[in-house]
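**Student:** My structure is in final.txt, and what it holds is compact mmCIF, C-alpha atoms:
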# COMPACT_ATOMS: atom_id res chain seq x y z
CA MET M 57 -8.35 4.74 -18.85
CA SER M 58 -5.97 6.12 -21.45
CA ASP M 59 -2.21 5.70 -21.39
CA SER M 60 -1.90 9.37 -20.39
CA TYR M 61 -4.71 9.41 -17.81
CA PHE M 62 -2.47 10.61 -14.95
CA LYS M 63 -0.46 13.10 -17.00
CA GLY M 64 0.32 16.12 -14.85
CA LYS M 65 -0.51 14.24 -11.63
CA THR M 66 2.03 13.71 -8.87
CA ILE M 67 1.73 10.47 -6.93
CA VAL M 68 3.82 9.20 -4.01
CA VAL M 69 4.27 5.45 -3.45
CA THR M 70 5.86 3.86 -0.38
CA GLY M 71 7.26 0.34 -0.38
CA ALA M 72 8.04 1.01 -4.02
CA GLY M 73 11.02 -1.25 -4.55
CA GLN M 74 9.30 -4.53 -5.30
CA GLY M 75 6.03 -6.40 -5.52
CA ILE M 76 2.84 -4.34 -5.45
CA GLY M 77 4.63 -1.04 -4.91
CA ARG M 78 6.91 -1.47 -7.88
CA ASP M 79 4.06 -2.57 -10.14
CA VAL M 80 2.02 0.46 -9.10
CA CYS M 81 4.92 2.81 -9.80
CA GLU M 82 5.48 1.34 -13.25
CA ARG M 83 1.78 1.47 -14.14
CA LEU M 84 1.36 5.07 -12.98
CA TYR M 85 4.54 6.16 -14.75
CA ASP M 86 3.39 4.54 -17.97
CA MET M 87 0.09 6.44 -17.60
CA GLY M 88 1.88 9.77 -17.43
CA ALA M 89 2.18 10.40 -13.67
CA ASP M 90 5.12 12.05 -11.96
CA VAL M 91 6.02 9.27 -9.54
CA PHE M 92 7.90 9.73 -6.27
CA ALA M 93 8.99 6.31 -5.01
CA ILE M 94 10.07 5.53 -1.44
CA SER M 95 11.62 2.28 -0.24
CA ARG M 96 13.86 1.03 2.55
CA SER M 97 16.30 -0.62 0.12
CA LEU M 98 18.21 1.39 -2.46
CA GLN M 99 19.03 -1.24 -5.07
CA PRO M 100 15.41 -2.06 -6.00
CA LEU M 101 14.78 1.68 -6.36
CA LEU M 102 17.74 2.04 -8.70
CA GLU M 103 16.44 -0.87 -10.77
CA LEU M 104 13.00 0.75 -10.89
CA GLN M 105 14.51 4.06 -11.97
CA LYS M 106 16.65 2.39 -14.61
CA GLY M 107 13.53 1.21 -16.41
CA ARG M 108 11.62 4.46 -15.83
CA PRO M 109 14.32 7.14 -15.54
CA LYS M 110 12.07 10.06 -14.59
CA ILE M 111 10.83 8.40 -11.41
CA SER M 112 12.15 10.24 -8.34
CA ILE M 113 13.46 7.88 -5.65
CA LEU M 114 14.15 8.08 -1.93
CA GLN M 115 15.73 5.43 0.28
CA LEU M 116 14.04 5.74 3.67
CA ASP M 117 13.31 3.45 6.61
CA LEU M 118 9.73 4.33 7.54
CA SER M 119 9.95 2.55 10.89
CA ASN M 120 11.68 5.62 12.33
CA TRP M 121 9.09 8.29 13.10
CA SER M 122 11.22 11.45 13.11
CA SER M 123 13.60 10.60 10.26
CA SER M 124 10.63 9.57 8.13
CA ARG M 125 9.01 12.96 8.64
CA ASP M 126 12.23 14.78 7.82
CA GLY M 127 12.96 12.63 4.78
CA VAL M 128 9.46 12.86 3.31
CA THR M 129 9.30 16.61 3.92
CA LYS M 130 12.59 17.23 2.10
CA PHE M 131 11.76 14.79 -0.70
CA LEU M 132 8.46 16.51 -1.47
CA LYS M 133 9.45 20.08 -0.58
CA ASN M 134 7.26 22.60 -2.44
CA ILE M 135 5.66 19.77 -4.47
CA LYS M 136 1.89 19.45 -4.61
CA VAL M 137 0.60 15.88 -4.41
CA ASP M 138 -2.44 14.38 -6.14
CA GLY M 139 -2.15 10.82 -4.85
CA LEU M 140 -0.50 8.73 -2.15
CA VAL M 141 -0.19 4.95 -2.01
CA ASN M 142 0.82 3.75 1.45
CA ASN M 143 2.08 0.34 0.42
CA ALA M 144 5.10 -0.26 2.69
CA GLY M 145 4.43 -3.20 4.98
CA LEU M 146 5.71 -6.23 6.85
CA GLY M 147 4.26 -9.71 6.71
CA GLY M 148 5.10 -12.61 8.95
CA SER M 149 3.45 -15.64 10.46
CA LYS M 150 3.80 -16.51 14.16
CA SER M 151 1.65 -18.13 16.78
CA ILE M 152 0.41 -15.93 19.62
CA TYR M 153 2.47 -18.22 21.86
CA ASP M 154 5.67 -17.17 20.11
CA LEU M 155 5.14 -13.47 19.34
CA ASP M 156 7.32 -11.08 21.31
CA GLU M 157 7.53 -7.34 21.79
CA SER M 158 9.86 -6.78 18.85
CA ASP M 159 7.47 -8.62 16.52
CA PHE M 160 4.65 -6.41 17.72
CA ASP M 161 6.60 -3.15 17.50
CA ASN M 162 8.17 -3.85 14.10
CA THR M 163 4.84 -4.80 12.53
CA ILE M 164 2.88 -1.89 13.99
CA ASN M 165 5.64 0.63 13.20
CA ILE M 166 5.64 -0.19 9.49
CA ASN M 167 2.11 -1.39 8.80
CA LEU M 168 0.21 1.19 10.82
CA LYS M 169 2.29 4.02 12.29
CA ALA M 170 4.06 4.69 8.99
CA VAL M 171 0.72 5.01 7.20
CA PHE M 172 -0.35 7.69 9.66
CA ASN M 173 3.06 9.36 9.75
CA VAL M 174 3.56 9.68 5.99
CA THR M 175 -0.03 10.81 5.43
CA GLN M 176 0.09 13.40 8.18
CA THR M 177 3.46 14.69 7.00
CA LEU M 178 2.08 15.22 3.49
CA LEU M 179 -1.13 16.98 4.56
CA PRO M 180 0.21 20.42 3.58
CA ASN M 181 1.19 19.05 0.14
CA PHE M 182 -2.12 17.52 -0.95
CA ASN M 183 -4.11 19.22 -3.67
CA GLU M 184 -7.86 19.49 -3.26
CA GLY M 185 -9.34 16.33 -4.74
CA ALA M 186 -6.31 14.17 -3.98
CA SER M 187 -6.74 10.44 -3.34
CA ILE M 188 -5.00 8.29 -0.73
CA VAL M 189 -4.94 4.50 -1.03
CA ASN M 190 -3.70 2.41 1.89
CA LEU M 191 -2.66 -1.21 1.43
CA SER M 192 -4.49 -3.40 3.89
CA SER M 193 -5.28 -7.11 3.70
CA GLN M 194 -8.11 -9.60 3.96
CA ALA M 195 -6.44 -10.37 7.29
CA GLY M 196 -7.77 -7.03 8.45
CA LEU M 197 -11.30 -8.29 7.77
CA ARG M 198 -11.04 -11.91 8.89
CA ALA M 199 -9.03 -13.81 11.49
CA PHE M 200 -6.22 -16.14 10.41
CA ALA M 201 -4.16 -18.44 12.60
CA ASN M 202 -0.63 -17.22 13.29
CA HIS M 203 -1.38 -13.69 12.05
CA ALA M 204 -2.58 -11.95 15.23
CA VAL M 205 -0.36 -8.87 15.12
CA TYR M 206 -0.42 -8.62 11.34
CA SER M 207 -4.22 -8.78 11.36
CA ALA M 208 -4.40 -6.14 14.09
CA SER M 209 -2.13 -3.83 12.11
CA LYS M 210 -4.21 -4.16 8.95
CA ALA M 211 -7.51 -3.72 10.80
CA GLY M 212 -5.91 -0.55 12.14
CA VAL M 213 -5.15 0.57 8.58
CA ASP M 214 -8.82 0.15 7.67
CA ALA M 215 -9.93 2.14 10.72
CA LEU M 216 -7.33 4.82 10.03
CA SER M 217 -8.52 5.07 6.43
CA ARG M 218 -12.08 5.71 7.59
CA ALA M 219 -10.92 8.33 10.09
CA PHE M 220 -8.82 10.13 7.48
CA ALA M 221 -11.71 10.01 5.01
CA LEU M 222 -13.96 11.70 7.56
CA GLU M 223 -11.52 14.42 8.53
CA LEU M 224 -10.12 15.15 5.07
CA GLY M 225 -13.48 15.08 3.31
CA PRO M 226 -13.92 18.87 3.60
CA ARG M 227 -10.76 19.23 1.48
CA LYS M 228 -12.26 16.83 -1.10
CA ILE M 229 -9.46 14.35 -0.31
CA ARG M 230 -10.63 10.74 -0.55
CA VAL M 231 -9.10 7.91 1.48
CA ASN M 232 -9.70 4.20 0.92
CA SER M 233 -7.93 0.92 1.58
CA VAL M 234 -7.40 -2.14 -0.60
CA ASN M 235 -7.61 -5.56 1.07
CA PRO M 236 -6.12 -8.32 -1.08
CA THR M 237 -5.74 -11.99 -0.35
CA VAL M 238 -2.37 -13.61 -1.07
CA VAL M 239 -0.82 -11.81 -4.02
CA LEU M 240 1.48 -13.78 -6.30
CA THR M 241 4.67 -11.75 -6.27
CA GLU M 242 8.20 -13.07 -6.74
CA MET M 243 8.62 -13.34 -2.97
CA SER M 244 5.23 -14.83 -2.11
CA ILE M 245 5.35 -17.55 -4.76
CA HIS M 246 8.21 -19.20 -2.89
CA TYR M 247 6.40 -19.05 0.45
CA TRP M 248 2.94 -20.15 -0.64
CA THR M 249 3.70 -23.73 -1.51
CA PRO M 250 0.75 -26.04 -2.24
CA GLU M 251 1.01 -27.30 1.34
CA ARG M 252 0.48 -23.81 2.73
CA GLY M 253 -1.65 -22.36 -0.03
CA ASP M 254 -4.16 -25.02 -1.01
CA PRO M 255 -6.19 -24.91 2.24
CA LEU M 256 -6.60 -21.14 1.86
CA LYS M 257 -7.41 -21.34 -1.85
CA ALA M 258 -10.09 -23.88 -1.02
CA ARG M 259 -11.88 -21.13 0.94
CA ILE M 260 -11.83 -18.72 -2.03
CA PRO M 261 -14.79 -19.19 -4.39
CA LEU M 262 -12.61 -18.46 -7.42
CA ASN M 263 -10.14 -21.08 -6.12
CA ARG M 264 -6.99 -19.08 -6.82
CA PHE M 265 -4.83 -16.32 -5.40
CA CYS M 266 -4.60 -12.74 -6.60
CA GLU M 267 -2.41 -11.69 -9.51
CA LEU M 268 -0.25 -8.61 -9.11
CA ASN M 269 -2.02 -6.64 -11.82
CA GLU M 270 -5.39 -7.21 -10.13
CA VAL M 271 -4.28 -5.35 -7.01
CA THR M 272 -2.69 -2.60 -9.10
CA ASP M 273 -5.94 -2.26 -11.07
CA ALA M 274 -7.84 -1.64 -7.83
CA ILE M 275 -5.29 0.90 -6.60
CA VAL M 276 -5.26 2.79 -9.89
CA TYR M 277 -9.06 2.85 -9.91
CA LEU M 278 -9.20 4.35 -6.42
CA LEU M 279 -6.56 6.93 -7.33
CA SER M 280 -8.52 7.99 -10.38
CA ASP M 281 -11.56 10.19 -10.83
CA LYS M 282 -13.46 7.06 -11.87
CA SER M 283 -13.94 6.46 -8.13
CA SER M 284 -14.75 10.09 -7.30
CA PHE M 285 -17.58 9.23 -4.86
CA ILE M 286 -15.92 6.27 -3.15
CA ASN M 287 -14.51 7.36 0.18
CA GLY M 288 -13.74 5.67 3.49
CA HIS M 289 -14.12 2.11 2.24
CA SER M 290 -12.10 -1.09 2.36
CA LEU M 291 -12.10 -2.83 -1.01
CA PRO M 292 -11.64 -6.61 -0.73
CA VAL M 293 -9.64 -8.06 -3.63
CA GLU M 294 -9.94 -11.68 -2.57
CA GLY M 295 -12.03 -13.64 -5.03
CA GLY M 296 -15.06 -13.73 -2.73
CA PHE M 297 -13.32 -15.11 0.38
CA CYS M 298 -15.08 -12.69 2.73
CA SER M 299 -18.53 -13.41 1.33
CA ALA M 300 -18.23 -17.20 1.21
Could you show the structure in this file as structure tokens?

**Tutor:**
Amino acid sequence: MSDSYFKGKTIVVTGAGQGIGRDVCERLYDMGADVFAISRSLQPLLELQKGRPKISILQLDLSNWSSSRDGVTKFLKNIKVDGLVNNAGLGGSKSIYDLDESDFDNTININLKAVFNVTQTLLPNFNEGASIVNLSSQAGLRAFANHAVYSASKAGVDALSRAFALELGPRKIRVNSVNPTVVLTEMSIHYWTPERGDPLKARIPLNRFCELNEVTDAIVYLLSDKSSFINGHSLPVEGGFCSA
């Protein structure tokens, strides 16, 4: 794709302040898109905007249903949208013996309810032929110890993506999810020490984790017309883990 592939396209990205979300915003901006970036923390958004000054930013906590709807509606008022990347999410690792109600609610509110809420709120804004990409995980496809609620939330994202694809198909709006393994961001590198990471890498045929650009490549592909007949699917970006 050319450096101006998304010129004239408007794309909304949640969880845009760091990691995958920030990389997606920067890539899309550099390819000509009008990017609207949403994140819970203001400072990362300001840093993103400093490097790409025409990015529009909104500080918003997506865990709150009603304020999210109000904030997104005002942020995108009278703006037609060609793409949405629902990237905002919570991680976490806890045994089922230790999980409590707040763990469950916080994870579901951000990882699943916010995906539905933001998408539904923007339904009047989407152009015909728009593309929605939801960030899921290989944990939505396979079980992992100490990830019960996280896995449930991401499996829900995959199911929600299929349901949206079915119902929005008549408007030529495509909906897919991307399911990466561990992605080497600034935050994850510190957590995934060899002690934690090596047993998982040993189960990946390519014997490594995912690089940030590899997830962004998949997201950009699904946003683009290059994937014009791909709809309602979960795309594993996990080096063959799920097929091994």

**Student:** Report the distance between atom CA of Phe172 of chain M and atom CA of Leu216 of chain M in Å, rounded to one decimal place.

**Tutor:** 7.6 Å

**Student:** From the set M:Asn202, M:Leu178, M:Trp248, M:Gln194, which residue has the shortest atom-to-atom contact distance to Asp154 of chain M, counting all atoms listed in the file?

**Tutor:**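 Result for the nearest residue to Asp154 of chain M: M:Asn202.
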
**Student:** Take atom CA of Ser217 of chain M and atom CA of Tyr85 of chain M and report the distance between them in Å, one decimal.

**Tutor:** 24.9 Å

**Student:** Please provide as a PyMOL selection string all residues within 8 Å of His289 of chain M, with the sequence filter that same-chain residues fewer than 6 positions apart are discarded (counting only C-alpha atoms).

**Tutor:** chain M and resi 214+217-218+231-233

**Student:** I need the residue nearest Ile111 of chain M from this list: M:Leu222, M:Leu84, M:Val293, M:Ala204. Use only C-alpha atoms for the distance.

**Tutor:**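 Residue with the minimum atom-to-atom distance to Ile111 of chain M: M:Leu84.
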
**Student:** Kindly give the distance, in Å, that separates atom CA of Ser149 of chain M and atom CA of Asn235 of chain M, rounded to a single decimal.

**Tutor:** 17.7 Å

**Student:** Do you know which residues are at most 9 Å from segment 100-106 of chain M counting all atoms listed in the file, after dropping those on the same chain fewer than 5 positions away, and could you put them as a PyMOL selection string?

**Tutor:** chain M and resi 72-74+78+81-82+93-95+111-115

**Student:** Here is a test: counting all atoms listed in the file, which residue of M:Arg230, M:Lys169, M:Arg125, M:Lys130 is nearest to Asp281 of chain M?

**Tutor:**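 Nearest to Asp281 of chain M: M:Arg230.
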